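Have a look at input01.csv below; it lists CSV, C-alpha atoms (C1' of nucleotides).
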chain,number,residue,atom,x,y,z
L,49,MET,CA,-63.1,-176.7,-57.0
L,50,THR,CA,-62.7,-176.5,-60.7
L,51,GLU,CA,-60.4,-178.9,-62.6
L,52,ALA,CA,-61.9,-182.0,-64.2
L,53,GLU,CA,-59.4,-184.8,-63.5
L,54,PRO,CA,-60.1,-188.4,-62.4
L,55,ARG,CA,-63.7,-189.2,-61.5
L,56,TRP,CA,-64.9,-185.6,-60.9
L,57,LEU,CA,-68.5,-184.5,-61.0
L,58,SER,CA,-69.8,-183.1,-64.2
L,59,ASP,CA,-70.9,-179.5,-64.1
L,60,GLU,CA,-74.5,-180.6,-64.1
L,61,ASP,CA,-74.0,-183.1,-61.3
L,62,GLN,CA,-72.1,-180.5,-59.4
L,63,CYS,CA,-75.0,-178.2,-59.7
L,64,VAL,CA,-77.5,-180.8,-58.7
L,65,TRP,CA,-75.4,-181.7,-55.7
L,66,ARG,CA,-75.2,-178.2,-54.5
L,67,GLN,CA,-78.9,-177.7,-54.7
L,68,ILE,CA,-79.5,-180.9,-52.7
L,69,ILE,CA,-77.0,-179.9,-50.0
L,70,ALA,CA,-78.5,-176.4,-49.8
L,71,VAL,CA,-81.9,-177.9,-49.1
L,72,ILE,CA,-80.4,-180.3,-46.6
L,73,ASN,CA,-78.8,-177.3,-44.9
L,74,MET,CA,-81.8,-175.0,-44.9
L,75,LEU,CA,-84.9,-177.1,-44.7
L,76,PRO,CA,-84.6,-178.9,-41.4
L,77,PRO,CA,-83.7,-175.7,-39.5
L,78,ARG,CA,-86.6,-173.9,-41.0
L,79,LEU,CA,-89.1,-176.6,-40.2
L,80,GLU,CA,-87.7,-177.0,-36.8
L,81,ARG,CA,-88.0,-173.3,-35.9
L,82,GLU,CA,-91.6,-173.3,-36.9
L,83,LEU,CA,-92.4,-176.5,-35.0
L,84,GLN,CA,-90.4,-175.2,-32.0
L,85,ARG,CA,-92.1,-171.8,-31.9
L,86,ALA,CA,-95.6,-173.2,-32.3
L,87,HIS,CA,-95.4,-176.3,-30.2
L,88,GLY,CA,-92.1,-176.5,-28.4
L,89,LEU,CA,-91.1,-179.6,-30.4
L,90,SER,CA,-88.0,-180.4,-32.2
L,91,LEU,CA,-88.1,-182.2,-35.6
L,92,HIS,CA,-86.8,-185.3,-34.0
L,93,ASP,CA,-89.4,-185.2,-31.3
L,94,TYR,CA,-92.0,-185.0,-33.9
L,95,GLN,CA,-90.6,-187.8,-36.0
L,96,ILE,CA,-90.7,-190.0,-32.9
L,97,LEU,CA,-94.2,-189.1,-32.0
L,98,VAL,CA,-95.3,-189.9,-35.5
L,99,GLN,CA,-93.7,-193.3,-35.5
L,100,LEU,CA,-95.2,-194.2,-32.2
L,101,SER,CA,-98.6,-193.0,-33.2
L,102,GLU,CA,-98.6,-195.3,-36.2
L,103,HIS,CA,-97.8,-198.6,-34.4
L,104,PRO,CA,-100.1,-200.9,-32.6
L,105,ASP,CA,-100.6,-199.9,-29.0
L,106,ARG,CA,-98.6,-196.8,-29.8
L,107,GLU,CA,-95.4,-198.5,-28.8
L,108,VAL,CA,-92.3,-199.6,-30.6
L,109,ARG,CA,-89.1,-201.3,-29.6
L,110,LEU,CA,-86.3,-198.8,-29.2
L,111,SER,CA,-84.1,-200.5,-31.8
L,112,ASP,CA,-86.8,-200.4,-34.3
L,113,LEU,CA,-87.6,-196.8,-33.5
L,114,ALA,CA,-84.0,-195.9,-33.9
L,115,GLU,CA,-83.9,-197.5,-37.3
L,116,ALA,CA,-87.2,-196.0,-38.4
L,117,THR,CA,-86.0,-192.5,-37.5
L,118,GLN,CA,-82.6,-193.1,-38.9
L,119,GLN,CA,-80.6,-192.3,-35.8
L,120,SER,CA,-78.2,-194.0,-33.5
L,121,LYS,CA,-79.4,-195.9,-30.4
L,122,SER,CA,-77.3,-193.6,-28.3
L,123,ARG,CA,-79.0,-190.5,-29.6
L,124,LEU,CA,-82.4,-192.1,-29.3
L,125,SER,CA,-81.7,-193.0,-25.7
L,126,HIS,CA,-80.8,-189.4,-24.8
L,127,GLN,CA,-83.8,-188.2,-26.9
L,128,MET,CA,-86.1,-190.6,-25.0
L,129,THR,CA,-84.9,-189.4,-21.7
L,130,ARG,CA,-85.7,-185.8,-22.7
L,131,MET,CA,-89.1,-186.7,-24.1
L,132,GLU,CA,-89.8,-188.8,-21.1
L,133,ASN,CA,-89.1,-185.8,-18.9
L,134,ALA,CA,-91.4,-183.8,-21.0
L,135,GLY,CA,-94.1,-186.4,-20.5
L,136,LEU,CA,-94.5,-187.2,-24.2
L,137,VAL,CA,-93.3,-190.8,-24.0
L,138,ALA,CA,-92.6,-193.5,-21.5
L,139,ARG,CA,-90.4,-196.6,-21.5
L,140,ARG,CA,-91.7,-200.0,-20.9
L,141,ASN,CA,-89.7,-203.2,-20.3
L,142,CYS,CA,-90.0,-205.9,-22.9
L,143,PRO,CA,-91.4,-209.0,-21.2
L,144,THR,CA,-89.8,-211.5,-23.7
L,145,ASP,CA,-86.4,-210.0,-23.9
L,146,ARG,CA,-85.0,-208.6,-20.7
L,147,ARG,CA,-82.4,-206.5,-22.5
L,148,GLY,CA,-85.0,-204.7,-24.5
L,149,ALA,CA,-87.5,-201.9,-24.0
L,150,TYR,CA,-90.4,-200.3,-25.7
L,151,ALA,CA,-91.1,-196.6,-26.2
L,152,VAL,CA,-94.7,-195.8,-25.6
L,153,LEU,CA,-96.7,-192.8,-26.6
L,154,THR,CA,-98.4,-191.1,-23.6
L,155,GLU,CA,-101.8,-189.5,-23.7
L,156,GLU,CA,-100.0,-186.2,-23.4
L,157,GLY,CA,-97.7,-187.1,-26.3
L,158,TRP,CA,-100.7,-188.0,-28.5
L,159,ARG,CA,-102.4,-184.7,-27.7
L,160,VAL,CA,-99.3,-182.7,-28.5
L,161,LEU,CA,-98.8,-184.6,-31.8
L,162,GLU,CA,-102.4,-183.9,-32.7
L,163,ALA,CA,-102.0,-180.3,-32.0
L,164,ALA,CA,-98.7,-180.0,-33.8
L,165,ALA,CA,-99.4,-182.0,-36.9
L,166,PRO,CA,-101.5,-179.5,-38.9
L,167,THR,CA,-99.0,-176.7,-38.4
L,168,HIS,CA,-96.1,-178.9,-39.3
L,169,VAL,CA,-97.8,-180.3,-42.3
L,170,GLU,CA,-98.5,-176.8,-43.4
L,171,SER,CA,-94.8,-176.0,-43.1
L,172,VAL,CA,-93.8,-179.0,-45.1
L,173,ARG,CA,-96.2,-178.0,-47.8
L,174,GLU,CA,-95.2,-174.4,-47.9
L,175,HIS,CA,-91.5,-175.0,-48.1
L,176,LEU,CA,-91.3,-178.2,-50.0
L,177,MET,CA,-94.3,-179.9,-51.4
L,178,ASP,CA,-96.1,-176.9,-52.9
L,179,VAL,CA,-92.9,-175.8,-54.5
L,180,MET,CA,-92.6,-178.9,-56.6
L,181,THR,CA,-94.8,-179.9,-59.5
L,182,PRO,CA,-96.6,-183.2,-59.2
L,183,ALA,CA,-94.3,-184.7,-61.8
L,184,GLN,CA,-91.2,-183.4,-60.0
L,185,LYS,CA,-92.5,-184.9,-56.7
L,186,GLN,CA,-92.9,-188.2,-58.3
L,187,VAL,CA,-89.4,-188.3,-59.7
L,188,VAL,CA,-87.9,-187.0,-56.5
L,189,GLY,CA,-89.7,-189.7,-54.6
L,190,ALA,CA,-88.4,-192.4,-56.8
L,191,ALA,CA,-84.9,-191.1,-56.9
L,192,PHE,CA,-84.6,-190.5,-53.1
L,193,GLY,CA,-86.3,-193.8,-52.4
L,194,ALA,CA,-83.4,-195.4,-54.2
L,195,VAL,CA,-80.8,-193.3,-52.4
L,196,ALA,CA,-82.4,-194.0,-49.1
L,197,ASP,CA,-82.5,-197.7,-49.7
L,198,LYS,CA,-78.9,-197.7,-50.5
L,199,LEU,CA,-78.0,-195.8,-47.4
L,200,ARG,CA,-80.0,-198.0,-45.1
L,201,PRO,CA,-78.1,-200.8,-43.3
L,202,ALA,CA,-79.4,-203.4,-45.7
L,203,ALA,CA,-79.8,-206.4,-43.4
L,204,ARG,CA,-83.2,-206.7,-41.8
L,205,SER,CA,-85.6,-205.3,-44.4
L,206,THR,CA,-88.1,-208.1,-44.0
L,207,VAL,CA,-87.3,-209.7,-40.7
L,208,CYS,CA,-88.4,-207.9,-37.6
L,209,PRO,CA,-92.1,-208.6,-36.9
L,210,SER,CA,-92.6,-205.9,-34.3
L,211,LEU,CA,-92.3,-203.2,-37.0
L,212,LYS,CA,-94.7,-202.5,-39.8
L,213,GLN,CA,-98.1,-203.6,-40.4
L,214,PRO,CA,-98.4,-204.2,-44.1
L,215,VAL,CA,-100.7,-201.9,-46.1
L,216,ASP,CA,-100.0,-198.2,-46.5
L,217,PRO,CA,-96.9,-197.5,-48.4
L,218,SER,CA,-96.7,-194.0,-46.9
L,219,GLY,CA,-96.9,-195.4,-43.4
L,220,VAL,CA,-93.5,-196.4,-42.0
O,130,MET,CA,-102.0,-189.7,-37.5
O,131,THR,CA,-105.3,-190.4,-39.2
O,132,GLU,CA,-107.9,-187.8,-39.8
O,133,ALA,CA,-107.8,-185.8,-43.1
O,134,GLU,CA,-109.2,-182.6,-42.0
O,135,PRO,CA,-107.4,-179.4,-42.9
O,136,ARG,CA,-104.7,-179.5,-45.6
O,137,TRP,CA,-103.2,-183.0,-45.1
O,138,LEU,CA,-100.6,-184.6,-47.3
O,139,SER,CA,-101.8,-187.0,-49.9
O,140,ASP,CA,-100.5,-190.6,-49.6
O,141,GLU,CA,-98.1,-189.9,-52.5
O,142,ASP,CA,-96.8,-186.7,-51.0
O,143,GLN,CA,-96.4,-188.3,-47.6
O,144,CYS,CA,-94.4,-191.0,-49.2
O,145,VAL,CA,-92.2,-188.6,-51.1
O,146,TRP,CA,-91.7,-186.5,-47.9
O,147,ARG,CA,-90.6,-189.5,-46.0
O,148,GLN,CA,-88.0,-190.5,-48.6
O,149,ILE,CA,-86.6,-187.0,-48.5
O,150,ILE,CA,-86.4,-186.8,-44.8
O,151,ALA,CA,-84.8,-190.3,-44.7
O,152,VAL,CA,-82.1,-189.1,-47.1
O,153,ILE,CA,-81.7,-185.9,-45.1
O,154,ASN,CA,-81.2,-188.0,-41.9
O,155,MET,CA,-78.8,-190.5,-43.4
O,156,LEU,CA,-76.8,-188.9,-46.1
O,157,PRO,CA,-74.9,-186.2,-44.2
O,158,PRO,CA,-73.7,-188.5,-41.4
O,159,ARG,CA,-72.5,-191.0,-43.9
O,160,LEU,CA,-70.6,-188.5,-46.0
O,161,GLU,CA,-69.2,-187.0,-42.8
O,162,ARG,CA,-67.9,-190.2,-41.4
O,163,GLU,CA,-66.1,-191.0,-44.6
O,164,LEU,CA,-64.6,-187.6,-44.8
O,165,GLN,CA,-63.7,-187.6,-41.1
O,166,ARG,CA,-62.0,-191.0,-41.2
O,167,ALA,CA,-60.1,-190.3,-44.3
O,168,HIS,CA,-59.1,-186.7,-43.8
O,169,GLY,CA,-60.2,-185.5,-40.4
O,170,LEU,CA,-62.7,-183.0,-41.9
O,171,SER,CA,-66.3,-182.4,-41.1
O,172,LEU,CA,-68.7,-181.8,-43.9
O,173,HIS,CA,-69.0,-178.2,-42.8
O,174,ASP,CA,-65.2,-177.9,-42.9
O,175,TYR,CA,-65.2,-179.2,-46.4
O,176,GLN,CA,-68.0,-176.9,-47.6
O,177,ILE,CA,-66.1,-173.9,-46.3
O,178,LEU,CA,-62.8,-174.9,-47.8
O,179,VAL,CA,-64.6,-175.4,-51.2
O,180,GLN,CA,-66.2,-171.9,-51.0
O,181,LEU,CA,-62.9,-170.3,-50.2
O,182,SER,CA,-61.1,-172.2,-52.9
O,183,GLU,CA,-63.5,-170.8,-55.5
O,184,HIS,CA,-63.1,-167.1,-54.7
O,185,PRO,CA,-60.5,-164.7,-55.9
O,186,ASP,CA,-57.5,-164.7,-53.6
O,187,ARG,CA,-59.2,-167.6,-51.8
O,188,GLU,CA,-60.9,-165.3,-49.3
O,189,VAL,CA,-64.5,-164.4,-48.6
O,190,ARG,CA,-66.2,-162.0,-46.3
O,191,LEU,CA,-67.6,-163.9,-43.3
O,192,SER,CA,-71.2,-162.9,-43.9
O,193,ASP,CA,-71.0,-164.0,-47.5
O,194,LEU,CA,-69.4,-167.3,-46.4
O,195,ALA,CA,-72.2,-167.8,-43.9
O,196,GLU,CA,-74.8,-167.3,-46.6
O,197,ALA,CA,-73.0,-169.4,-49.2
O,198,THR,CA,-72.8,-172.3,-46.7
O,199,GLN,CA,-76.3,-171.8,-45.4
O,200,GLN,CA,-75.4,-171.3,-41.8
O,201,SER,CA,-75.7,-168.7,-39.1
O,202,LYS,CA,-73.0,-166.2,-38.4
O,203,SER,CA,-72.7,-167.5,-34.9
O,204,ARG,CA,-72.1,-171.0,-36.1
O,205,LEU,CA,-69.7,-169.9,-38.7
O,206,SER,CA,-67.8,-167.9,-36.1
O,207,HIS,CA,-67.3,-171.0,-34.0
O,208,GLN,CA,-66.4,-173.0,-37.0
O,209,MET,CA,-63.8,-170.5,-38.1
O,210,THR,CA,-62.2,-170.6,-34.7
O,211,ARG,CA,-61.9,-174.3,-34.9
O,212,MET,CA,-60.6,-174.3,-38.4
O,213,GLU,CA,-58.2,-171.5,-37.6
O,214,ASN,CA,-56.8,-173.6,-34.8
O,215,ALA,CA,-56.4,-176.5,-37.2
O,216,GLY,CA,-54.5,-174.2,-39.5
O,217,LEU,CA,-56.9,-174.6,-42.4
O,218,VAL,CA,-58.1,-170.9,-42.6
O,219,ALA,CA,-57.1,-167.6,-41.2
O,220,ARG,CA,-59.0,-164.4,-40.5
O,221,ARG,CA,-58.1,-161.1,-42.0
O,222,ASN,CA,-59.5,-157.7,-41.1
O,223,CYS,CA,-61.4,-155.9,-43.8
O,224,PRO,CA,-59.6,-152.7,-44.7
O,225,THR,CA,-62.7,-150.8,-45.9
O,226,ASP,CA,-65.1,-151.9,-43.2
O,227,ARG,CA,-63.7,-152.2,-39.8
O,228,ARG,CA,-66.5,-154.3,-38.5
O,229,GLY,CA,-65.9,-156.9,-41.1
O,230,ALA,CA,-63.4,-159.7,-41.7
O,231,TYR,CA,-62.4,-162.1,-44.4
O,232,ALA,CA,-61.9,-165.8,-44.1
O,233,VAL,CA,-58.8,-166.8,-46.0
O,234,LEU,CA,-57.7,-170.2,-47.1
O,235,THR,CA,-54.3,-171.1,-45.9
O,236,GLU,CA,-51.7,-173.1,-47.9
O,237,GLU,CA,-52.4,-176.0,-45.5
O,238,GLY,CA,-56.1,-175.6,-46.1
O,239,TRP,CA,-55.6,-175.8,-49.8
O,240,ARG,CA,-53.5,-178.9,-49.5
O,241,VAL,CA,-56.0,-180.6,-47.3
O,242,LEU,CA,-58.8,-179.7,-49.6
O,243,GLU,CA,-56.9,-181.1,-52.6
O,244,ALA,CA,-56.3,-184.3,-50.7
O,245,ALA,CA,-59.8,-184.7,-49.5
O,246,ALA,CA,-61.7,-183.7,-52.6
O,247,PRO,CA,-61.3,-187.0,-54.6
O,248,THR,CA,-62.4,-189.1,-51.7
O,249,HIS,CA,-65.3,-186.9,-50.9
O,250,VAL,CA,-66.5,-186.7,-54.5
O,251,GLU,CA,-66.3,-190.5,-54.6
O,252,SER,CA,-68.6,-190.7,-51.6
O,253,VAL,CA,-71.0,-188.3,-53.1
O,254,ARG,CA,-71.1,-190.4,-56.3
O,255,GLU,CA,-71.4,-193.6,-54.6
O,256,HIS,CA,-74.2,-192.7,-52.2
O,257,LEU,CA,-76.1,-190.2,-54.3
O,258,MET,CA,-75.2,-189.3,-57.9
O,259,ASP,CA,-74.6,-192.8,-59.2
O,260,VAL,CA,-77.8,-194.0,-57.6
O,261,MET,CA,-79.9,-191.6,-59.7
O,262,THR,CA,-80.4,-191.8,-63.4
O,263,PRO,CA,-79.4,-188.7,-65.5
O,264,ALA,CA,-83.0,-187.8,-66.0
O,265,GLN,CA,-83.7,-188.1,-62.3
O,266,LYS,CA,-80.8,-186.0,-61.5
O,267,GLN,CA,-82.0,-183.3,-63.8
O,268,VAL,CA,-85.4,-183.2,-62.3
O,269,VAL,CA,-84.1,-183.3,-58.7
O,270,GLY,CA,-81.8,-180.5,-59.5
O,271,ALA,CA,-84.6,-178.3,-60.9
O,272,ALA,CA,-87.0,-179.2,-58.1
O,273,PHE,CA,-84.5,-178.7,-55.3
O,274,GLY,CA,-83.3,-175.5,-56.9
O,275,ALA,CA,-86.8,-174.1,-56.6
O,276,VAL,CA,-87.0,-175.3,-53.0
O,277,ALA,CA,-83.7,-173.9,-52.1
O,278,ASP,CA,-84.5,-170.6,-53.7
O,279,LYS,CA,-87.6,-170.3,-51.7
O,280,LEU,CA,-85.8,-171.1,-48.5
O,281,ARG,CA,-83.1,-168.6,-49.0
O,282,PRO,CA,-83.5,-165.2,-47.4
O,283,ALA,CA,-83.8,-163.1,-50.4
O,284,ALA,CA,-81.0,-163.8,-52.8
O,285,ARG,CA,-80.8,-164.7,-56.5
O,286,SER,CA,-81.5,-168.1,-58.1
O,287,THR,CA,-78.7,-170.5,-58.2
O,288,VAL,CA,-80.3,-173.0,-60.5
O,289,CYS,CA,-78.0,-173.5,-63.4
O,290,PRO,CA,-79.6,-172.9,-66.8
O,291,SER,CA,-79.2,-176.5,-67.9
O,292,LEU,CA,-81.6,-177.6,-65.2
O,293,LYS,CA,-84.4,-175.4,-66.2
O,294,GLN,CA,-85.5,-177.1,-69.3
O,295,PRO,CA,-88.5,-179.2,-68.7
O,296,VAL,CA,-88.1,-182.9,-68.9
O,297,ASP,CA,-90.3,-185.8,-69.8
O,298,PRO,CA,-90.7,-187.7,-66.5
O,299,SER,CA,-91.7,-190.9,-68.4
O,300,GLY,CA,-88.2,-191.1,-69.6
O,301,VAL,CA,-86.9,-191.6,-66.1
Z,37,DA,C1',-72.8,-133.1,-36.5
Z,38,DA,C1',-75.8,-135.8,-34.0
Z,39,DT,C1',-78.5,-139.5,-33.5
Z,40,DA,C1',-81.2,-143.5,-34.6
Z,41,DG,C1',-81.1,-147.6,-36.7
Z,42,DG,C1',-78.9,-151.0,-39.3
Z,43,DT,C1',-75.0,-154.5,-40.2
Z,44,DC,C1',-70.7,-157.4,-39.0
Z,45,DA,C1',-69.0,-160.4,-36.2
Z,46,DT,C1',-68.3,-162.5,-31.6
Z,47,DT,C1',-69.5,-164.5,-27.1
Z,48,DC,C1',-72.1,-167.1,-23.7
Z,49,DA,C1',-74.9,-170.6,-21.9
Z,50,DA,C1',-77.9,-174.2,-22.7
Z,51,DG,C1',-79.0,-178.0,-25.1
Z,52,DC,C1',-78.0,-181.6,-28.6
Z,53,DT,C1',-75.1,-185.1,-30.9
Z,54,DT,C1',-71.3,-188.2,-31.2
Z,55,DC,C1',-68.3,-191.8,-30.0
Z,56,DA,C1',-66.5,-195.1,-27.2
Z,57,DA,C1',-67.0,-197.7,-23.2
Z,58,DC,C1',-70.0,-200.3,-20.4
Z,59,DT,C1',-73.8,-203.6,-18.4
Z,60,DA,C1',-76.8,-207.1,-19.1
Z,61,DT,C1',-78.9,-210.4,-21.6
Z,62,DT,C1',-79.5,-213.6,-25.6
Z,63,DT,C1',-77.7,-216.4,-29.4
Z,64,DT,C1',-74.4,-219.3,-31.7
Z,65,DC,C1',-72.0,-223.4,-32.1
Z,66,DG,C1',-67.9,-226.4,-31.1
U,38,DC,C1',-73.2,-227.7,-21.9
U,39,DG,C1',-70.4,-223.5,-21.8
U,40,DA,C1',-67.4,-220.1,-23.9
U,41,DA,C1',-67.4,-216.6,-27.4
U,42,DA,C1',-69.9,-213.5,-30.0
U,43,DA,C1',-73.7,-210.8,-30.9
U,44,DT,C1',-77.5,-207.7,-29.5
U,45,DA,C1',-80.3,-204.2,-26.5
U,46,DG,C1',-79.8,-200.3,-24.4
U,47,DT,C1',-77.4,-196.7,-21.3
U,48,DT,C1',-73.9,-193.5,-19.9
U,49,DG,C1',-70.3,-189.8,-19.8
U,50,DA,C1',-67.5,-186.6,-21.8
U,51,DA,C1',-66.1,-183.9,-25.5
U,52,DG,C1',-67.5,-181.3,-29.1
U,53,DC,C1',-71.0,-178.9,-31.9
U,54,DT,C1',-75.1,-175.9,-32.6
U,55,DT,C1',-78.5,-172.5,-31.3
U,56,DG,C1',-80.4,-168.2,-30.0
U,57,DA,C1',-80.1,-164.2,-27.5
U,58,DA,C1',-77.2,-160.6,-26.0
U,59,DT,C1',-73.3,-157.6,-26.9
U,60,DG,C1',-69.8,-154.5,-28.9
U,61,DA,C1',-68.1,-152.2,-32.6
U,62,DC,C1',-68.8,-149.9,-36.6
U,63,DC,C1',-71.4,-147.8,-40.8
U,64,DT,C1',-75.2,-144.9,-43.0
U,65,DA,C1',-79.3,-142.2,-43.5
U,66,DT,C1',-81.8,-138.5,-41.9
U,67,DT,C1',-82.3,-134.5,-40.1
What would you get if you wrote out this structure as structure tokens?
Amino acid sequence: MTEAEPRWLSDEDQCVWRQIIAVINMLPPRLERELQRAHGLSLHDYQILVQLSEHPDREVRLSDLAEATQQSKSRLSHQMTRMENAGLVARRNCPTDRRGAYAVLTEEGWRVLEAAAPTHVESVREHLMDVMTPAQKQVVGAAFGAVADKLRPAARSTVCPSLKQPVDPSGV
Amino acid sequence: MTEAEPRWLSDEDQCVWRQIIAVINMLPPRLERELQRAHGLSLHDYQILVQLSEHPDREVRLSDLAEATQQSKSRLSHQMTRMENAGLVARRNCPTDRRGAYAVLTEEGWRVLEAAAPTHVESVREHLMDVMTPAQKQVVGAAFGAVADKLRPAARSTVCPSLKQPVDPSGV
DNA sequence: AATAGGTCATTCAAGCTTCAACTATTTTCG
DNA sequence: CGAAAATAGTTGAAGCTTGAATGACCTATT
């Protein structure tokens, strides 16, 4: 693609976009392979374990979990089934809403997460965080924060009580 | 996720990492849905069409194409089969290396790309480029260029020169 | 010229993701 | 109230991705 016609991307923007998409294409597979080899977990498994571990009683409503991990309910449902079969999580019916259910972290799931976390963090450092300067990281954080906010289904940012204790800005 | 024992992530890094992964999780599906609805193309289809369109004779060796689009040969092979069936590309045997093959952009593929490009560019703008300030874009380009370079098997840098000049992050 | 070892590309099977359809429950509101 | 609409979550089938295995060909070394 070359011609500059209506609302095209400038050369600089084009270049930035290609770097971003290259990272999007390469980073998750790399992290996943390392997680997989070392602990038999997928990246999505890991993200779910992390979410659960950070919530009171290590349980989260499925809808909230789907939103927190940026995936469809359908996918989460399949994912849950797999992780349930692997013994990492369990489902629990919601007493106050009979449609609903909680995902609960099992003891096993907690242990696996504890074991996997250091390796995974090391991967993230090696391939991402240690490659950027502190100043770059700060700008990237701000820029991607804005992008992510705009991508998120805007509705319920402050509503749902079962999510989010206040405090820690890093802790979603 | 609590103890800080080995090499953990700082709160700031943690926060940056979560923004990045949120974008990685949300951006491609969003762009893909818009491309799909408007032109029946997947993001990977589009990336391949773009690559081909930019090469002499609109053809590229499959290995090179796989590398340029950051995917495995296996995946590309399946992808090619699908796109061939859709009439977007064709395969051509390499005359000088009988193991090899070229992917060639068809007339149809070119037309589809021409039709899809404006919409897709608009999506990229809307969800990504227009959300970042020029200064942010520059820093993100440089940072992700470094990350991508380190993730790539061996190859050369693809950071365009304009991104390499340092930037004052306070001006962001 | 022979052979060992590399590269190019495809195939298969298993697993994962997507989308639409579906059940069951709760909420809205005329 | 009671019908319509919205929400929570699941399911199934089709399609896509992955990783290992394979076949075919090239290249370096001897």
Got a sec: who's within 10 Å of stretch 58-61 of chain U, counting all atoms listed in the file, leaving out chain neighbours fewer than 2 positions off, as a list in words?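 With the cut-off at 10 Å, the set is Arg227, Arg228 and Gly229 of chain O; DC44, DA45, DT46, DT47 and DC48 of chain Z; DG56 and DC63 of chain U.
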What are the residues of chain O lining chain L at 7 Å or less? Count only C-alpha atoms, and put the answer as a PyMOL selection string. chain O and resi 130+137+140+143-145+148-149+151-155+179+182-183+199+250+256-257+260-261+265-266+268-270+272-277+280+289+298
Pairwise distance, atom CA of L:Ala114 with atom CA of L:Tyr150, equals 11.3 Å
Which distance in Å separates atom CA of O:Asp193 and atom CA of O:Ala232, to one decimal?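 Value for the atom CA of O:Asp193-atom CA of O:Ala232 distance: 9.9 Å.
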Which of these residues is nearest to chain L, using only C-alpha atoms (C1' of nucleotides): Z:DA49, Z:DC65, Z:DA37, Z:DA60?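 Of Z:DA49, Z:DC65, Z:DA37, Z:DA60, the one nearest chain L is Z:DA60, counting only C-alpha atoms (C1' of nucleotides).
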Can you check which parts of chain L lie within 12 Å of chain Z? Per residue, the shortest pair of atoms and distance in Å to one decimal, counting all atoms listed in the file, sorted by chain and number, as a Markdown table.
| residue | atom | partner | partner_atom | distance |
| --- | --- | --- | --- | --- |
| L:Ser90 | CA | Z:DC52 | C1' | 10.7 |
| L:His92 | CA | Z:DC52 | C1' | 11.0 |
| L:Gln119 | CA | Z:DT53 | C1' | 10.3 |
| L:Ser120 | CA | Z:DT54 | C1' | 9.3 |
| L:Lys121 | CA | Z:DT54 | C1' | 11.2 |
| L:Ser122 | CA | Z:DT54 | C1' | 8.6 |
| L:Arg123 | CA | Z:DT53 | C1' | 6.8 |
| L:Leu124 | CA | Z:DT53 | C1' | 10.2 |
| L:Ser125 | CA | Z:DT53 | C1' | 11.5 |
| L:His126 | CA | Z:DC52 | C1' | 9.1 |
| L:Gln127 | CA | Z:DC52 | C1' | 8.9 |
| L:Arg130 | CA | Z:DG51 | C1' | 10.6 |
| L:Thr144 | CA | Z:DT62 | C1' | 10.7 |
| L:Asp145 | CA | Z:DT61 | C1' | 7.9 |
| L:Arg146 | CA | Z:DT61 | C1' | 6.4 |
| L:Arg147 | CA | Z:DT61 | C1' | 5.3 |
| L:Gly148 | CA | Z:DT61 | C1' | 8.8 |
Work out how far atom CA of L:Leu83 is from atom CA of L:His168, in Å to one decimal. 6.2 Å
Please determine the contact residues of chain U with respect to chain L at a cut-off of 8 Å, counting all atoms listed in the file, and supply them as a PyMOL selection string. chain U and resi 45-47
Write a file of the just-selected residues containing C-alpha atoms (C1' of nucleotides), as a compact mmCIF listing (two decimals), in the frame of the given file.
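Result file follows (part_11.txt):
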# COMPACT_ATOMS: atom_id res chain seq x y z
C1' DA U 45 -80.30 -204.20 -26.50
C1' DG U 46 -79.80 -200.30 -24.40
C1' DT U 47 -77.40 -196.70 -21.30
